>>> print(open('input-v5.cif').read())   # mmCIF, C-alpha atoms and all ligand atoms
data_input
#
loop_
_atom_site.label_atom_id
_atom_site.label_comp_id
_atom_site.auth_asym_id
_atom_site.auth_seq_id
_atom_site.Cartn_x
_atom_site.Cartn_y
_atom_site.Cartn_z
CA MET I 22 -5.46 18.30 -34.81
CA GLU I 23 -8.03 16.03 -36.53
CA SER I 24 -5.33 13.58 -37.57
CA ILE I 25 -3.97 13.08 -34.03
CA GLY I 26 -5.11 9.72 -32.69
CA VAL I 27 -6.55 9.78 -29.14
CA LEU I 28 -7.44 6.51 -27.43
CA MET I 29 -10.21 6.66 -24.83
CA THR I 30 -9.89 3.59 -22.61
CA CYS I 31 -13.50 3.15 -21.42
CA PRO I 32 -16.80 5.07 -21.43
CA MET I 33 -16.47 7.92 -18.89
CA SER I 34 -18.32 11.02 -20.12
CA ALA I 35 -20.55 11.51 -23.15
CA TYR I 36 -19.60 15.20 -23.18
CA LEU I 37 -15.87 14.44 -23.16
CA GLU I 38 -16.33 11.86 -25.90
CA GLN I 39 -18.22 14.32 -28.07
CA GLU I 40 -15.69 17.13 -27.55
CA LEU I 41 -12.72 14.84 -28.24
CA ASP I 42 -14.46 13.58 -31.37
CA LYS I 43 -14.75 17.18 -32.67
CA ARG I 44 -11.05 17.87 -32.22
CA PHE I 45 -9.12 14.62 -32.66
CA LYS I 46 -9.27 11.21 -34.31
CA LEU I 47 -10.97 9.44 -31.43
CA PHE I 48 -10.69 5.69 -30.87
CA ARG I 49 -13.09 4.14 -28.36
CA PHE I 50 -11.06 1.21 -26.99
CA TRP I 51 -14.11 -0.56 -25.53
CA GLN I 52 -15.61 -0.92 -28.99
CA PHE I 53 -12.75 -3.19 -30.07
CA PRO I 54 -12.93 -6.56 -28.31
CA GLN I 55 -9.91 -7.78 -30.33
CA ARG I 56 -7.61 -5.43 -28.44
CA ALA I 57 -4.27 -6.84 -29.59
CA GLN I 58 -5.33 -6.66 -33.22
CA PHE I 59 -6.74 -3.13 -32.80
CA LEU I 60 -3.50 -1.93 -31.22
CA LYS I 61 -1.40 -3.56 -33.96
CA GLU I 62 -3.45 -1.82 -36.66
CA ASN I 63 -3.69 1.64 -35.02
CA CYS I 64 -0.63 2.04 -32.78
CA GLY I 65 1.06 4.14 -35.47
CA SER I 66 -1.45 6.97 -35.12
CA ILE I 67 -2.28 7.00 -31.39
CA ARG I 68 -0.40 9.84 -29.68
CA ALA I 69 -2.60 10.30 -26.60
CA VAL I 70 -4.51 8.15 -24.12
CA VAL I 71 -7.48 9.39 -22.09
CA GLY I 72 -8.14 7.09 -19.10
CA ASN I 73 -9.91 7.38 -15.77
CA ALA I 74 -10.03 5.84 -12.30
CA THR I 75 -11.33 2.56 -13.75
CA VAL I 76 -9.12 1.99 -16.81
CA GLY I 77 -5.92 4.01 -17.09
CA ALA I 78 -2.71 3.27 -18.91
CA ASP I 79 -0.73 0.29 -17.64
CA ALA I 80 2.75 -0.75 -18.76
CA GLU I 81 1.34 -3.16 -21.34
CA LEU I 82 -0.75 -0.47 -23.05
CA ILE I 83 2.05 2.09 -22.94
CA ASP I 84 4.48 -0.43 -24.46
CA ALA I 85 1.96 -1.25 -27.19
CA LEU I 86 1.79 2.42 -28.28
CA PRO I 87 5.21 3.49 -29.64
CA LYS I 88 3.90 6.92 -30.72
CA LEU I 89 2.32 7.71 -27.32
CA GLU I 90 3.25 11.19 -26.06
CA ILE I 91 0.68 12.04 -23.39
CA VAL I 92 -1.75 10.38 -20.96
CA SER I 93 -4.49 12.80 -19.91
CA SER I 94 -6.46 11.24 -17.07
CA PHE I 95 -10.11 12.04 -16.35
CA SER I 96 -9.37 11.68 -12.60
CA VAL I 97 -7.10 13.17 -9.95
CA GLY I 98 -5.90 9.77 -8.70
CA LEU I 99 -3.32 8.18 -10.96
CA ASP I 100 -3.11 4.70 -9.46
CA LYS I 101 -4.26 3.21 -12.80
CA VAL I 102 -1.44 4.94 -14.75
CA ASP I 103 2.05 3.45 -14.70
CA LEU I 104 3.85 6.69 -13.86
CA ALA I 105 7.30 5.08 -13.74
CA LYS I 106 6.82 3.68 -17.25
CA CYS I 107 5.62 7.10 -18.48
CA LYS I 108 8.70 8.79 -17.02
CA GLU I 109 10.98 6.15 -18.54
CA LYS I 110 9.42 6.63 -21.99
CA GLY I 111 9.14 10.44 -21.81
CA VAL I 112 5.31 10.28 -21.90
CA ARG I 113 3.68 13.32 -20.25
CA VAL I 114 0.86 12.76 -17.73
CA THR I 115 -1.93 15.11 -16.61
CA ASN I 116 -4.84 14.70 -14.17
CA THR I 117 -7.87 16.75 -12.98
CA PRO I 118 -7.00 18.17 -9.54
CA ASP I 119 -8.96 20.89 -7.65
CA VAL I 120 -12.10 20.91 -9.82
CA LEU I 121 -13.45 17.82 -8.02
CA THR I 122 -12.28 18.65 -4.50
CA ASP I 123 -15.55 20.21 -3.28
CA ASP I 124 -17.71 17.34 -4.53
CA VAL I 125 -15.58 14.64 -2.94
CA ALA I 126 -15.37 16.54 0.36
CA ASP I 127 -19.14 17.14 0.31
CA LEU I 128 -19.69 13.43 -0.21
CA ALA I 129 -17.34 12.50 2.65
CA ILE I 130 -19.39 14.65 5.03
CA GLY I 131 -22.58 13.22 3.51
CA LEU I 132 -21.31 9.72 4.32
CA CYS I 133 -20.48 10.73 7.92
CA LEU I 134 -24.02 12.02 8.39
CA ALA I 135 -25.60 9.10 6.54
CA VAL I 136 -23.78 6.50 8.66
CA LEU I 137 -24.18 8.18 12.07
CA ARG I 138 -27.74 9.41 11.55
CA ARG I 139 -28.72 6.28 9.53
CA ILE I 140 -30.19 8.48 6.78
CA CYS I 141 -30.46 5.68 4.18
CA GLU I 142 -31.88 3.23 6.73
CA CYS I 143 -34.42 5.87 7.88
CA ASP I 144 -35.45 6.40 4.26
CA ARG I 145 -36.00 2.64 3.85
CA TYR I 146 -37.98 2.67 7.12
CA VAL I 147 -40.41 5.25 5.76
CA ARG I 148 -40.72 3.65 2.31
CA SER I 149 -41.44 0.20 3.74
CA GLY I 150 -44.30 1.54 5.89
CA LYS I 151 -42.58 0.63 9.21
CA TRP I 152 -43.03 4.17 10.58
CA LYS I 153 -46.73 3.47 11.08
CA LYS I 154 -45.73 0.73 13.55
CA GLY I 155 -43.43 2.95 15.61
CA ASP I 156 -40.72 5.59 15.63
CA TYR I 157 -37.23 4.92 14.33
CA LYS I 158 -34.62 4.23 17.05
CA LEU I 159 -32.17 6.90 18.24
CA THR I 160 -28.93 7.37 16.32
CA SER I 161 -25.50 8.99 16.95
CA LYS I 162 -24.59 12.66 16.80
CA PHE I 163 -22.08 13.86 14.18
CA SER I 164 -21.44 17.44 15.36
CA GLY I 165 -18.56 17.54 17.79
CA LYS I 166 -17.13 14.09 16.96
CA THR I 167 -13.39 13.95 16.31
CA VAL I 168 -12.58 13.47 12.63
CA GLY I 169 -9.23 11.88 11.72
CA ILE I 170 -8.07 12.33 8.15
CA ILE I 171 -5.50 10.19 6.34
CA GLY I 172 -3.94 12.46 3.69
CA LEU I 173 -4.42 16.15 4.37
CA GLY I 174 -4.11 17.23 0.74
CA ARG I 175 -6.62 19.10 -1.42
CA ILE I 176 -9.58 16.83 -0.60
CA GLY I 177 -8.47 16.08 2.98
CA THR I 178 -8.20 19.81 3.76
CA ALA I 179 -11.62 20.49 2.22
CA ILE I 180 -13.09 17.74 4.43
CA ALA I 181 -11.34 19.24 7.48
CA LYS I 182 -12.84 22.69 6.77
CA ARG I 183 -16.32 21.22 6.47
CA ALA I 184 -15.86 19.15 9.64
CA GLU I 185 -14.81 22.31 11.51
CA ALA I 186 -18.15 23.88 10.60
CA PHE I 187 -19.77 20.97 12.49
CA ASN I 188 -17.57 21.77 15.54
CA CYS I 189 -15.62 18.56 14.99
CA PRO I 190 -12.03 18.57 16.25
CA VAL I 191 -9.81 17.52 13.33
CA CYS I 192 -6.59 15.49 13.41
CA TYR I 193 -4.61 13.87 10.61
CA TYR I 194 -1.89 11.53 9.44
CA SER I 195 0.30 11.95 6.38
CA ARG I 196 3.91 11.11 5.68
CA ARG I 197 5.09 14.38 7.15
CA GLU I 198 3.61 16.84 9.60
CA LYS I 199 2.38 19.94 7.71
CA PRO I 200 4.13 23.14 8.80
CA ASN I 201 1.84 25.81 10.31
CA CYS I 202 -1.13 23.44 10.37
CA GLN I 203 -3.71 23.99 13.10
CA TYR I 204 -4.82 20.34 13.21
CA LYS I 205 -3.23 17.75 15.49
CA TYR I 206 -0.81 15.42 13.74
CA TYR I 207 -0.33 11.75 14.60
CA PRO I 208 2.76 10.02 13.22
CA SER I 209 0.96 6.73 12.53
CA VAL I 210 -2.45 5.66 11.23
CA THR I 211 -3.02 3.48 14.30
CA GLU I 212 -2.44 6.42 16.65
CA LEU I 213 -4.78 8.55 14.54
CA ALA I 214 -7.44 5.80 14.64
CA SER I 215 -7.09 5.47 18.45
CA ASN I 216 -7.71 9.20 18.87
CA CYS I 217 -10.66 9.87 16.57
CA ASN I 218 -14.30 8.81 16.25
CA ILE I 219 -14.48 8.99 12.47
CA LEU I 220 -11.53 7.99 10.29
CA VAL I 221 -11.56 9.32 6.70
CA VAL I 222 -9.28 7.94 3.99
CA ALA I 223 -8.31 10.73 1.55
CA CYS I 224 -4.79 9.84 0.39
CA PRO I 225 -3.67 8.56 -3.04
CA LEU I 226 -3.42 4.80 -3.62
CA THR I 227 0.24 3.78 -3.78
CA GLU I 228 2.18 0.68 -2.74
CA GLU I 229 2.65 2.41 0.67
CA THR I 230 -1.06 3.07 1.21
CA ARG I 231 -2.49 -0.25 -0.07
CA HIS I 232 -4.30 -1.79 2.94
CA ILE I 233 -3.44 1.25 5.07
CA ILE I 234 -6.70 0.27 6.82
CA ASN I 235 -5.85 -3.14 8.28
CA ARG I 236 -7.01 -5.12 11.32
CA GLU I 237 -4.81 -3.15 13.73
CA VAL I 238 -6.21 0.19 12.52
CA ILE I 239 -9.80 -1.11 12.57
CA ASP I 240 -9.36 -2.38 16.14
CA ALA I 241 -7.85 0.97 17.15
CA LEU I 242 -10.92 2.75 15.73
CA GLY I 243 -13.08 0.40 17.76
CA PRO I 244 -16.73 -0.63 18.12
CA LYS I 245 -17.97 2.97 18.21
CA GLY I 246 -15.67 4.20 15.45
CA VAL I 247 -16.71 4.87 11.86
CA LEU I 248 -14.59 4.41 8.74
CA ILE I 249 -15.21 6.63 5.70
CA ASN I 250 -13.41 5.74 2.47
CA ILE I 251 -13.56 8.22 -0.40
CA GLY I 252 -10.00 7.38 -1.52
CA ARG I 253 -9.62 4.08 -3.36
CA GLY I 254 -10.96 0.60 -2.55
CA PRO I 255 -7.57 -1.10 -2.05
CA HIS I 256 -6.74 1.30 0.79
CA VAL I 257 -8.87 -1.05 2.89
CA ASP I 258 -8.25 -4.72 3.64
CA GLU I 259 -11.86 -5.52 2.74
CA PRO I 260 -12.19 -9.02 4.28
CA GLU I 261 -10.88 -7.53 7.58
CA LEU I 262 -13.41 -4.68 7.34
CA VAL I 263 -16.27 -7.08 6.61
CA SER I 264 -15.45 -9.34 9.56
CA ALA I 265 -15.00 -6.35 11.93
CA LEU I 266 -18.44 -5.03 10.91
CA LEU I 267 -20.09 -8.45 11.18
CA GLU I 268 -18.51 -9.07 14.60
CA GLY I 269 -19.37 -5.58 15.92
CA ARG I 270 -15.69 -4.64 16.34
CA LEU I 271 -16.28 -1.51 14.21
CA GLY I 272 -19.20 0.90 14.64
CA GLY I 273 -19.92 1.58 10.98
CA ALA I 274 -18.60 2.43 7.55
CA GLY I 275 -19.37 4.78 4.67
CA LEU I 276 -17.76 3.55 1.48
CA ASP I 277 -17.63 5.18 -1.95
CA VAL I 278 -14.96 2.79 -3.26
CA PHE I 279 -14.28 -0.95 -3.06
CA GLU I 280 -11.34 -3.28 -3.54
CA LYS I 281 -12.80 -5.09 -6.55
CA GLU I 282 -15.44 -2.57 -7.65
CA PRO I 283 -18.05 -2.85 -9.04
CA GLU I 284 -18.02 -6.05 -6.96
CA VAL I 285 -19.10 -5.27 -3.38
CA PRO I 286 -18.99 -7.87 -0.56
CA GLU I 287 -22.57 -9.14 -0.22
CA GLU I 288 -22.14 -9.56 3.55
CA LEU I 289 -22.40 -5.75 3.75
CA PHE I 290 -25.83 -5.58 2.11
CA GLY I 291 -27.73 -6.56 5.27
CA LEU I 292 -25.89 -4.16 7.63
CA GLU I 293 -27.72 -0.99 8.65
CA ASN I 294 -24.55 0.70 9.97
CA VAL I 295 -23.02 0.72 6.50
CA VAL I 296 -23.65 3.08 3.57
CA LEU I 297 -22.48 1.91 0.16
CA LEU I 298 -21.99 4.21 -2.84
CA PRO I 299 -20.98 3.33 -6.43
CA HIS I 300 -17.78 5.46 -6.65
CA VAL I 301 -19.56 8.78 -7.20
CA GLY I 302 -17.20 11.14 -5.35
CA SER I 303 -16.82 13.52 -8.30
CA GLY I 304 -20.07 12.46 -9.96
CA THR I 305 -21.95 15.71 -10.48
CA VAL I 306 -22.84 17.18 -13.87
CA GLU I 307 -20.93 20.38 -13.08
CA THR I 308 -17.72 18.73 -11.92
CA ARG I 309 -17.60 16.06 -14.61
CA GLN I 310 -17.84 18.85 -17.24
CA GLU I 311 -15.00 20.77 -15.58
CA MET I 312 -12.92 17.59 -15.48
CA ALA I 313 -13.63 16.95 -19.17
CA ASP I 314 -12.67 20.54 -20.07
CA LEU I 315 -9.39 20.05 -18.19
CA VAL I 316 -8.63 16.82 -20.06
CA ILE I 317 -9.25 18.60 -23.39
CA GLY I 318 -7.36 21.71 -22.27
CA ASN I 319 -4.31 19.61 -21.42
CA LEU I 320 -4.38 17.76 -24.75
CA GLU I 321 -4.79 20.99 -26.74
CA ALA I 322 -2.00 22.69 -24.78
CA TYR I 323 0.30 19.73 -25.40
CA PHE I 324 -0.32 19.50 -29.15
CA LEU I 325 -0.01 23.31 -29.53
CA SER I 326 3.34 23.14 -27.66
CA LYS I 327 1.97 25.25 -24.81
CA PRO I 328 2.52 24.57 -21.07
CA LEU I 329 0.28 21.80 -19.71
CA LEU I 330 -2.51 23.01 -17.42
CA THR I 331 -2.15 20.31 -14.75
CA PRO I 332 1.05 18.34 -15.37
CA VAL I 333 2.04 15.41 -13.15
CA VAL I 334 4.91 13.96 -15.23
P1 LIG M 401 -3.51 15.44 -2.94
O1 LIG M 401 -3.83 16.89 -2.88
O2 LIG M 401 -2.27 15.00 -3.63
O3 LIG M 401 -3.49 14.93 -1.41
C1 LIG M 401 -3.07 13.68 -1.06
C2 LIG M 401 -2.56 13.73 0.37
O4 LIG M 401 -2.21 12.39 0.75
C3 LIG M 401 -1.34 14.60 0.58
O5 LIG M 401 -1.60 15.48 1.64
C4 LIG M 401 -0.23 13.63 0.96
O6 LIG M 401 0.55 14.21 2.01
C5 LIG M 401 -0.99 12.42 1.46
N1 LIG M 401 -0.24 11.18 1.24
C6 LIG M 401 0.46 10.80 0.17
N2 LIG M 401 1.04 9.61 0.38
C7 LIG M 401 0.69 9.26 1.63
C8 LIG M 401 0.98 8.14 2.44
N3 LIG M 401 1.81 7.18 2.01
N4 LIG M 401 0.45 8.07 3.67
C9 LIG M 401 -0.37 9.07 4.12
N5 LIG M 401 -0.67 10.16 3.41
C10 LIG M 401 -0.15 10.24 2.18
O7 LIG M 401 -4.69 14.61 -3.60
P2 LIG M 401 -6.27 14.94 -3.60
O8 LIG M 401 -6.60 15.78 -4.77
O9 LIG M 401 -6.64 15.40 -2.25
O10 LIG M 401 -6.84 13.46 -3.90
C11 LIG M 401 -6.60 12.42 -2.98
C12 LIG M 401 -7.10 11.09 -3.51
O11 LIG M 401 -8.52 11.04 -3.45
C13 LIG M 401 -6.80 10.80 -4.99
O12 LIG M 401 -5.49 10.31 -5.18
C14 LIG M 401 -7.86 9.79 -5.37
O13 LIG M 401 -7.38 8.47 -5.26
C15 LIG M 401 -8.97 10.03 -4.35
N6 LIG M 401 -10.19 10.51 -5.03
C16 LIG M 401 -11.34 9.77 -4.97
C17 LIG M 401 -12.48 10.20 -5.61
C18 LIG M 401 -13.76 9.42 -5.55
O14 LIG M 401 -14.56 9.50 -6.50
N7 LIG M 401 -14.04 8.69 -4.51
C19 LIG M 401 -12.47 11.39 -6.35
C20 LIG M 401 -11.29 12.13 -6.39
C21 LIG M 401 -10.16 11.67 -5.73
P3 LIG M 401 2.09 13.82 2.24
O15 LIG M 401 2.76 13.96 0.92
O16 LIG M 401 2.52 14.81 3.27
O17 LIG M 401 2.10 12.42 2.77
#
>>> encode(input="input-v5.cif", output="structure tokens")
Amino acid sequence: MESIGVLMTCPMSAYLEQELDKRFKLFRFWQFPQRAQFLKENCGSIRAVVGNATVGADAELIDALPKLEIVSSFSVGLDKVDLAKCKEKGVRVTNTPDVLTDDVADLAIGLCLAVLRRICECDRYVRSGKWKKGDYKLTSKFSGKTVGIIGLGRIGTAIAKRAEAFNCPVCYYSRREKPNCQYKYYPSVTELASNCNILVVACPLTEETRHIINREVIDALGPKGVLINIGRGPHVDEPELVSALLEGRLGGAGLDVFEKEPEVPEELFGLENVVLLPHVGSGTVETRQEMADLVIGNLEAYFLSKPLLTPVV
């Protein structure tokens, strides 16, 4: 397989890079600032693209690679891969489902606790020496609060199970009510937001779910409500979120993802009811290795004409 060209779109995992390098002819796209020229010179040998949640494979890249056969994404979300273009061109697509579910669900619960119990703010309080001048103020309880989940899939269900352990009633919204599901279903995001204390976004980013969190939903969640986003940044109309937080129309937010990440609205930096994370949902050593092994496993299966491990297209 050493002669098969694999294009990695951006730095994502040193381990994955090293393992791909052992098996394939690896091209590191970020090392070639003259992209058009690089593609012209190497498009004849590139048969696979490895992307992630930051840089995937858009129509322009797919069109520039006439020998492309497979896109193996180092992510479960495929909003950065032009799936329609892949289907049209007969390019196979794989992702990394399941292996990251626990980490992302853990982080969602961590954000709930961090926002309601002000864990990060309390930590800053101790470090800055303020404790010596008086106790930290009282915060809000998490156990028993109603958790509303948008997208009750792999990650959404794992969040629901964890929330249950905190005695939180769980309700959800997705396109269809799940048969035999014990959680209460609401047929719209606004109804879900009106009936929960904490609203968690855990659905894929598609044209339908872009700005699924808009002013109406934020107002339905209300001044005591908390928004948790571990999905994708563009799920949230960010200027609306920022003004709701600044005006006190929303109780708080825990955000792992942002609309224009790594850019984060600076207005949020001074708010103590907000916890901001740098898109680290799946960011543990263990999970990133499992994701890398799945990317490699899919590529090897494809080039050995075996069934793909986690096919999407
Ligand atoms: P999944 O198993 O496919 O679940 C997605 C769920 O979303 C499904 O239950 C689906 O249900 C629902 N859904 C799809 N379209 C919807 C819509 N238009 N409105 C409402 N619900 C909709 O995916 P997963 O493995 O749980 O991953 C979910 C997402 O999490 C990924 O796509 C990714 O963007 C994000 N993620 C983020 C991180 C991070 O680092 N922060 C890490 C991993 C994943 P229906 O089909 O019934 O609507």
>>> closest_atom_pairs(input="input-v5.cif", of="chain I", to="ligand LIG 401 (chain M)", cutoff="8 Å", atoms="only C-alpha atoms and all ligand atoms", output="Markdown table")
| residue | atom | partner | partner_atom | distance |
| --- | --- | --- | --- | --- |
| I:Ala74 | CA | M:LIG401 | O13 | 8.0 |
| I:Ser96 | CA | M:LIG401 | C20 | 6.5 |
| I:Val97 | CA | M:LIG401 | C21 | 5.4 |
| I:Gly98 | CA | M:LIG401 | O12 | 3.6 |
| I:Leu99 | CA | M:LIG401 | O12 | 6.5 |
| I:Asp100 | CA | M:LIG401 | O13 | 7.1 |
| I:Pro118 | CA | M:LIG401 | O8 | 5.4 |
| I:Asp119 | CA | M:LIG401 | O8 | 6.3 |
| I:Leu121 | CA | M:LIG401 | C20 | 6.3 |
| I:Thr122 | CA | M:LIG401 | O8 | 6.4 |
| I:Val125 | CA | M:LIG401 | C19 | 5.6 |
| I:Ile171 | CA | M:LIG401 | N5 | 5.6 |
| I:Gly172 | CA | M:LIG401 | O4 | 3.4 |
| I:Leu173 | CA | M:LIG401 | O5 | 4.0 |
| I:Gly174 | CA | M:LIG401 | O5 | 3.2 |
| I:Arg175 | CA | M:LIG401 | O9 | 3.8 |
| I:Ile176 | CA | M:LIG401 | O9 | 3.7 |
| I:Gly177 | CA | M:LIG401 | O9 | 5.6 |
| I:Thr178 | CA | M:LIG401 | O9 | 7.6 |
| I:Tyr194 | CA | M:LIG401 | C9 | 6.1 |
| I:Ser195 | CA | M:LIG401 | N5 | 3.6 |
| I:Arg196 | CA | M:LIG401 | O17 | 3.7 |
| I:Arg197 | CA | M:LIG401 | O16 | 4.7 |
| I:Glu198 | CA | M:LIG401 | O16 | 6.7 |
| I:Lys199 | CA | M:LIG401 | O16 | 6.8 |
| I:Ala223 | CA | M:LIG401 | O11 | 5.0 |
| I:Cys224 | CA | M:LIG401 | O4 | 3.6 |
| I:Pro225 | CA | M:LIG401 | O12 | 3.3 |
| I:Leu226 | CA | M:LIG401 | O13 | 5.6 |
| I:Thr227 | CA | M:LIG401 | N3 | 6.9 |
| I:Glu229 | CA | M:LIG401 | N3 | 5.0 |
| I:Thr230 | CA | M:LIG401 | N3 | 5.1 |
| I:Ile233 | CA | M:LIG401 | N4 | 8.0 |
| I:Asn250 | CA | M:LIG401 | N7 | 7.6 |
| I:Ile251 | CA | M:LIG401 | N7 | 4.2 |
| I:Gly252 | CA | M:LIG401 | C15 | 4.0 |
| I:Arg253 | CA | M:LIG401 | O13 | 5.3 |
| I:Asp277 | CA | M:LIG401 | N7 | 5.6 |
| I:Val278 | CA | M:LIG401 | N7 | 6.1 |
| I:His300 | CA | M:LIG401 | O14 | 5.2 |
| I:Val301 | CA | M:LIG401 | O14 | 5.1 |
| I:Gly302 | CA | M:LIG401 | O14 | 3.3 |
| I:Ser303 | CA | M:LIG401 | O14 | 5.0 |
| I:Gly304 | CA | M:LIG401 | O14 | 7.1 |
>>> residues_around(input="input-v5.cif", residues="Arg145 of chain I", least_positions_apart="6", cutoff="12 Å", atoms="all atoms listed in the file", output="VMD selection string")
chain I and resid 139 151 to 152 157 293
>>> atom_distance(input="input-v5.cif", atom1="atom CA of Ala57 of chain I", atom2="atom CA of Ala80 of chain I")
14.3 Å
>>> residues_near_point(input="input-v5.cif", point="(-3.1, 9.2, -29.9)", cutoff="6 Å", atoms="all atoms listed in the file", output="ChimeraX atom specification")
/I:25-28,66-69
>>> residues_around(input="input-v5.cif", residues="Cys141 of chain I", least_positions_apart="4", cutoff="12 Å", atoms="all atoms listed in the file", output="PyMOL selection string")
chain I and resi 131-137+145-148+275+292-298
>>> write_last_selection(input="input-v5.cif", atoms="C-alpha atoms", output="PDB file, keeping the file's coordinate frame")
ATOM      1  CA  GLY I 131     -22.580  13.220   3.510  1.00  0.00           C
ATOM      2  CA  LEU I 132     -21.310   9.720   4.320  1.00  0.00           C
ATOM      3  CA  CYS I 133     -20.480  10.730   7.920  1.00  0.00           C
ATOM      4  CA  LEU I 134     -24.020  12.020   8.390  1.00  0.00           C
ATOM      5  CA  ALA I 135     -25.600   9.100   6.540  1.00  0.00           C
ATOM      6  CA  VAL I 136     -23.780   6.500   8.660  1.00  0.00           C
ATOM      7  CA  LEU I 137     -24.180   8.180  12.070  1.00  0.00           C
ATOM      8  CA  ARG I 145     -36.000   2.640   3.850  1.00  0.00           C
ATOM      9  CA  TYR I 146     -37.980   2.670   7.120  1.00  0.00           C
ATOM     10  CA  VAL I 147     -40.410   5.250   5.760  1.00  0.00           C
ATOM     11  CA  ARG I 148     -40.720   3.650   2.310  1.00  0.00           C
ATOM     12  CA  GLY I 275     -19.370   4.780   4.670  1.00  0.00           C
ATOM     13  CA  LEU I 292     -25.890  -4.160   7.630  1.00  0.00           C
ATOM     14  CA  GLU I 293     -27.720  -0.990   8.650  1.00  0.00           C
ATOM     15  CA  ASN I 294     -24.550   0.700   9.970  1.00  0.00           C
ATOM     16  CA  VAL I 295     -23.020   0.720   6.500  1.00  0.00           C
ATOM     17  CA  VAL I 296     -23.650   3.080   3.570  1.00  0.00           C
ATOM     18  CA  LEU I 297     -22.480   1.910   0.160  1.00  0.00           C
ATOM     19  CA  LEU I 298     -21.990   4.210  -2.840  1.00  0.00           C
TER      20      LEU I 298
END
>>> closest_atom_pairs(input="input-v5.cif", of="segment 87-174 of chain I", to="segment 213-221 of chain I", cutoff="6 Å", atoms="all atoms listed in the file", output="tab-separated table")
residue	atom	partner	partner_atom	distance
I:Thr167	CA	I:Cys217	CA	4.9
I:Val168	CA	I:Ile219	CA	4.9
I:Gly169	CA	I:Leu220	CA	4.7
I:Ile170	CA	I:Val221	CA	4.8
>>> closest_residue(input="input-v5.cif", among="I:Leu159, I:Ala184, I:Ile91, I:Leu248", to="Leu329 of chain I", atoms="only C-alpha atoms")
I:Ile91
>>> closest_residue(input="input-v5.cif", among="I:Pro87, I:Gly165, I:Gly155, I:Gly318", to="Leu41 of chain I", atoms="all atoms listed in the file")
I:Gly318
>>> atom_distance(input="input-v5.cif", atom1="atom CA of Gly246 of chain I", atom2="atom CA of Gly273 of chain I")
6.7 Å
>>> residues_around(input="input-v5.cif", residues="Lys61 of chain I", least_positions_apart="5", cutoff="9 Å", atoms="only C-alpha atoms", output="PyMOL selection string")
chain I and resi 56+85-86
>>> write_last_selection(input="input-v5.cif", atoms="C-alpha atoms", output="PDB file, keeping the file's coordinate frame")
ATOM      1  CA  ARG I  56      -7.610  -5.430 -28.440  1.00  0.00           C
ATOM      2  CA  ALA I  85       1.960  -1.250 -27.190  1.00  0.00           C
ATOM      3  CA  LEU I  86       1.790   2.420 -28.280  1.00  0.00           C
TER       4      LEU I  86
END
>>> atom_distance(input="input-v5.cif", atom1="atom CA of Ser34 of chain I", atom2="atom CA of Leu47 of chain I")
13.6 Å
>>> closest_residue(input="input-v5.cif", among="I:Ser24, I:Thr211, I:Thr331, I:Thr75", to="Gly254 of chain I", atoms="only C-alpha atoms")
I:Thr75
>>> residues_around(input="input-v5.cif", residues="Met22 of chain I", least_positions_apart="3", cutoff="8 Å", atoms="all atoms listed in the file", output="PyMOL selection string")
chain I and resi 25+44-45+324
>>> closest_residue(input="input-v5.cif", among="I:Pro54, I:Ala313, I:Asp123, I:Val285", to="Gly72 of chain I", atoms="only C-alpha atoms")
I:Ala313
>>> closest_atom_pairs(input="input-v5.cif", of="segment 224-329 of chain I", to="segment 35-38 of chain I", cutoff="12 Å", atoms="all atoms listed in the file", output="tab-separated table")
residue	atom	partner	partner_atom	distance
I:Val306	CA	I:Tyr36	CA	10.1
I:Glu307	CA	I:Tyr36	CA	11.4
I:Thr308	CA	I:Tyr36	CA	11.9
I:Arg309	CA	I:Tyr36	CA	8.8
I:Gln310	CA	I:Tyr36	CA	7.2
I:Glu311	CA	I:Leu37	CA	9.9
I:Met312	CA	I:Leu37	CA	8.8
I:Ala313	CA	I:Leu37	CA	5.2
I:Asp314	CA	I:Leu37	CA	7.5
I:Leu315	CA	I:Leu37	CA	9.9
I:Val316	CA	I:Leu37	CA	8.2
I:Ile317	CA	I:Leu37	CA	7.8
I:Gly318	CA	I:Leu37	CA	11.2
>>> build_atoms(input="input-v5.cif", residues="segment 74-80 of chain I", atoms="N, CA and C atoms", output="PDB file, in the coordinates of the input")
ATOM      1  N   ALA I  74     -10.345   6.596 -13.507  1.00  0.00           N
ATOM      2  CA  ALA I  74     -10.030   5.840 -12.300  1.00  0.00           C
ATOM      3  C   ALA I  74     -10.313   4.346 -12.456  1.00  0.00           C
ATOM      4  N   THR I  75     -11.013   3.972 -13.536  1.00  0.00           N
ATOM      5  CA  THR I  75     -11.330   2.560 -13.750  1.00  0.00           C
ATOM      6  C   THR I  75     -10.307   1.913 -14.693  1.00  0.00           C
ATOM      7  N   VAL I  76     -10.117   2.511 -15.859  1.00  0.00           N
ATOM      8  CA  VAL I  76      -9.120   1.990 -16.810  1.00  0.00           C
ATOM      9  C   VAL I  76      -8.173   3.130 -17.173  1.00  0.00           C
ATOM     10  N   GLY I  77      -6.917   2.973 -16.803  1.00  0.00           N
ATOM     11  CA  GLY I  77      -5.920   4.010 -17.090  1.00  0.00           C
ATOM     12  C   GLY I  77      -4.996   3.585 -18.198  1.00  0.00           C
ATOM     13  N   ALA I  78      -3.710   3.702 -17.928  1.00  0.00           N
ATOM     14  CA  ALA I  78      -2.710   3.270 -18.910  1.00  0.00           C
ATOM     15  C   ALA I  78      -1.660   2.463 -18.156  1.00  0.00           C
ATOM     16  N   ASP I  79      -1.730   1.131 -18.315  1.00  0.00           N
ATOM     17  CA  ASP I  79      -0.730   0.290 -17.640  1.00  0.00           C
ATOM     18  C   ASP I  79       0.477   0.091 -18.555  1.00  0.00           C
ATOM     19  N   ALA I  80       1.485  -0.593 -18.016  1.00  0.00           N
ATOM     20  CA  ALA I  80       2.750  -0.750 -18.760  1.00  0.00           C
ATOM     21  C   ALA I  80       2.512  -1.426 -20.101  1.00  0.00           C
TER      22      ALA I  80
END
